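Read the structure below first, then the notes.
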Amino acid sequence: VGINLITNGFTYTDKNGKDIVVLNKDTATDETVIHEFGHIFSKWQKQNRPELWQKGQDLVKTAIENSEIEEIVDYVKSTKFKRKFRSIL
């Protein structure tokens with residue numbers, strides 16, 4: 001069945017407790033960078049601002065229940081939101 005799994009990026013915590021982002025230079029996109037750093041931010045927020053992290057979890061759950069995820073993704077892909085992030089990468 002030949003499955004070839006190539007990741008665009010991932011995160012890990014090194015032996016000193018530092019969070020590391022690793023990107024595949026051949027496949028990573030601007031979205032990959034935002035996605036991977038999002039993991040680190042989410043981890044920080046869960047540890048340091050758990051009430052905000054929980055609010056975010058609740059909002060995502062509600063969006064999924066109301067089938068709003070596709071609308072949100074379409075909005076991000078079609079607006080200046082995406083271009084704004086591209087300028088800081």
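To be explicit about the labels: the chains of the structure tokens are called A, B, and onward in the order shown, and within each one the residues are counted from 1, while ligands get numbers from 1 in the order they are shown.
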
What are the DSSP strand (DSSP E or B) residues of segment 7-57 of chain A, as a PDB file with N, CA, C and O atoms, in the first residue's frame?
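So out_11.pdb came out as:
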ATOM      1  N   GLY A   9       6.127  20.009   9.389  1.00  0.00           N
ATOM      2  CA  GLY A   9       6.787  20.533  10.570  1.00  0.00           C
ATOM      3  C   GLY A   9       6.269  19.863  11.820  1.00  0.00           C
ATOM      4  O   GLY A   9       5.272  19.147  11.786  1.00  0.00           O
ATOM      5  N   PHE A  10       6.975  20.085  12.922  1.00  0.00           N
ATOM      6  CA  PHE A  10       6.539  19.554  14.212  1.00  0.00           C
ATOM      7  C   PHE A  10       7.220  20.341  15.316  1.00  0.00           C
ATOM      8  O   PHE A  10       8.143  21.122  15.065  1.00  0.00           O
ATOM      9  N   THR A  11       6.738  20.140  16.540  1.00  0.00           N
ATOM     10  CA  THR A  11       7.352  20.781  17.699  1.00  0.00           C
ATOM     11  C   THR A  11       7.763  19.711  18.705  1.00  0.00           C
ATOM     12  O   THR A  11       7.219  18.605  18.698  1.00  0.00           O
ATOM     13  N   TYR A  12       8.721  20.056  19.522  1.00  0.00           N
ATOM     14  CA  TYR A  12       9.098  19.182  20.633  1.00  0.00           C
ATOM     15  C   TYR A  12       9.756  20.032  21.711  1.00  0.00           C
ATOM     16  O   TYR A  12      10.125  21.176  21.475  1.00  0.00           O
ATOM     17  N   THR A  13       9.879  19.473  22.896  1.00  0.00           N
ATOM     18  CA  THR A  13      10.545  20.139  24.007  1.00  0.00           C
ATOM     19  C   THR A  13      11.887  19.460  24.217  1.00  0.00           C
ATOM     20  O   THR A  13      11.947  18.242  24.390  1.00  0.00           O
ATOM     21  N   ASP A  19      10.984  24.807  24.057  1.00  0.00           N
ATOM     22  CA  ASP A  19      10.151  24.341  22.957  1.00  0.00           C
ATOM     23  C   ASP A  19      10.827  24.665  21.634  1.00  0.00           C
ATOM     24  O   ASP A  19      11.302  25.778  21.420  1.00  0.00           O
ATOM     25  N   ILE A  20      10.854  23.691  20.746  1.00  0.00           N
ATOM     26  CA  ILE A  20      11.544  23.800  19.459  1.00  0.00           C
ATOM     27  C   ILE A  20      10.537  23.557  18.335  1.00  0.00           C
ATOM     28  O   ILE A  20       9.726  22.636  18.407  1.00  0.00           O
ATOM     29  N   VAL A  21      10.614  24.386  17.296  1.00  0.00           N
ATOM     30  CA  VAL A  21       9.830  24.178  16.083  1.00  0.00           C
ATOM     31  C   VAL A  21      10.779  23.691  14.999  1.00  0.00           C
ATOM     32  O   VAL A  21      11.833  24.297  14.769  1.00  0.00           O
ATOM     33  N   VAL A  22      10.423  22.613  14.341  1.00  0.00           N
ATOM     34  CA  VAL A  22      11.203  22.074  13.235  1.00  0.00           C
ATOM     35  C   VAL A  22      10.331  22.150  11.987  1.00  0.00           C
ATOM     36  O   VAL A  22       9.194  21.686  11.993  1.00  0.00           O
ATOM     37  N   LEU A  23      10.871  22.760  10.924  1.00  0.00           N
ATOM     38  CA  LEU A  23      10.133  22.892   9.674  1.00  0.00           C
ATOM     39  C   LEU A  23      10.853  22.149   8.561  1.00  0.00           C
ATOM     40  O   LEU A  23      12.081  22.170   8.490  1.00  0.00           O
TER      41      LEU A  23
END

- Message: Going by DSSP on the backbone, which residues of chain A come out as helix (DSSP H, G or I)? List them as a PyMOL selection string.
- Response: chain A and resi 30-48+50-65+69-78+80-86

- Message: When you look at Gly56 of chain A with a cut-off of 12 Å (counting only C-alpha atoms), what residues show up, excluding the ones that are within fewer than 5 positions of it in the same chain? I need them as a list in words.
- Response: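 Contacts, in chain order: Ser42, Gln45, Lys46, Arg49, Pro50, Glu51, Lys61, Thr62 and Ala63 of chain A.
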
Could you save the residues just selected, with N, CA and C atoms, as a PDB file, in the first residue's frame?
ATOM      1  N   SER A  42      -0.269  27.620  22.394  1.00  0.00           N
ATOM      2  CA  SER A  42      -1.360  26.943  23.100  1.00  0.00           C
ATOM      3  C   SER A  42      -0.853  26.285  24.385  1.00  0.00           C
ATOM      4  N   GLN A  45      -0.181  29.057  26.855  1.00  0.00           N
ATOM      5  CA  GLN A  45      -1.433  29.612  27.349  1.00  0.00           C
ATOM      6  C   GLN A  45      -2.112  28.658  28.337  1.00  0.00           C
ATOM      7  N   LYS A  46      -2.083  27.377  28.050  1.00  0.00           N
ATOM      8  CA  LYS A  46      -2.697  26.392  28.954  1.00  0.00           C
ATOM      9  C   LYS A  46      -2.022  26.418  30.320  1.00  0.00           C
ATOM     10  N   ARG A  49      -2.267  30.869  31.348  1.00  0.00           N
ATOM     11  CA  ARG A  49      -3.569  31.533  31.302  1.00  0.00           C
ATOM     12  C   ARG A  49      -4.656  30.498  31.033  1.00  0.00           C
ATOM     13  N   PRO A  50      -4.826  29.536  31.943  1.00  0.00           N
ATOM     14  CA  PRO A  50      -5.742  28.423  31.687  1.00  0.00           C
ATOM     15  C   PRO A  50      -7.178  28.864  31.417  1.00  0.00           C
ATOM     16  N   GLU A  51      -7.593  29.991  31.989  1.00  0.00           N
ATOM     17  CA  GLU A  51      -8.970  30.446  31.748  1.00  0.00           C
ATOM     18  C   GLU A  51      -9.156  30.876  30.290  1.00  0.00           C
ATOM     19  N   LYS A  61     -15.091  24.199  20.193  1.00  0.00           N
ATOM     20  CA  LYS A  61     -16.117  23.166  20.330  1.00  0.00           C
ATOM     21  C   LYS A  61     -17.461  23.674  19.808  1.00  0.00           C
ATOM     22  N   THR A  62     -17.817  24.895  20.175  1.00  0.00           N
ATOM     23  CA  THR A  62     -19.079  25.475  19.717  1.00  0.00           C
ATOM     24  C   THR A  62     -19.075  25.655  18.202  1.00  0.00           C
ATOM     25  N   ALA A  63     -17.950  26.112  17.654  1.00  0.00           N
ATOM     26  CA  ALA A  63     -17.858  26.294  16.205  1.00  0.00           C
ATOM     27  C   ALA A  63     -18.026  24.975  15.473  1.00  0.00           C
TER      28      ALA A  63
END

- Please measure the separation of atom CA of Thr7 of chain A and atom CA of Val33 of chain A, giving the value in Å to one decimal. 12.4 Å

- Query: What is the distance, in Å and to one decimal place, between atom CA of Ser67 of chain A and atom CA of His39 of chain A?
  - Reply: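 Going from atom CA of Ser67 of chain A over to atom CA of His39 of chain A covers 23.0 Å.
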
- Among A:Trp44, A:Asn8, A:Asp14, A:Gln54, Thr32 of chain A is approached most closely, using only C-alpha atoms, by A:Asn8
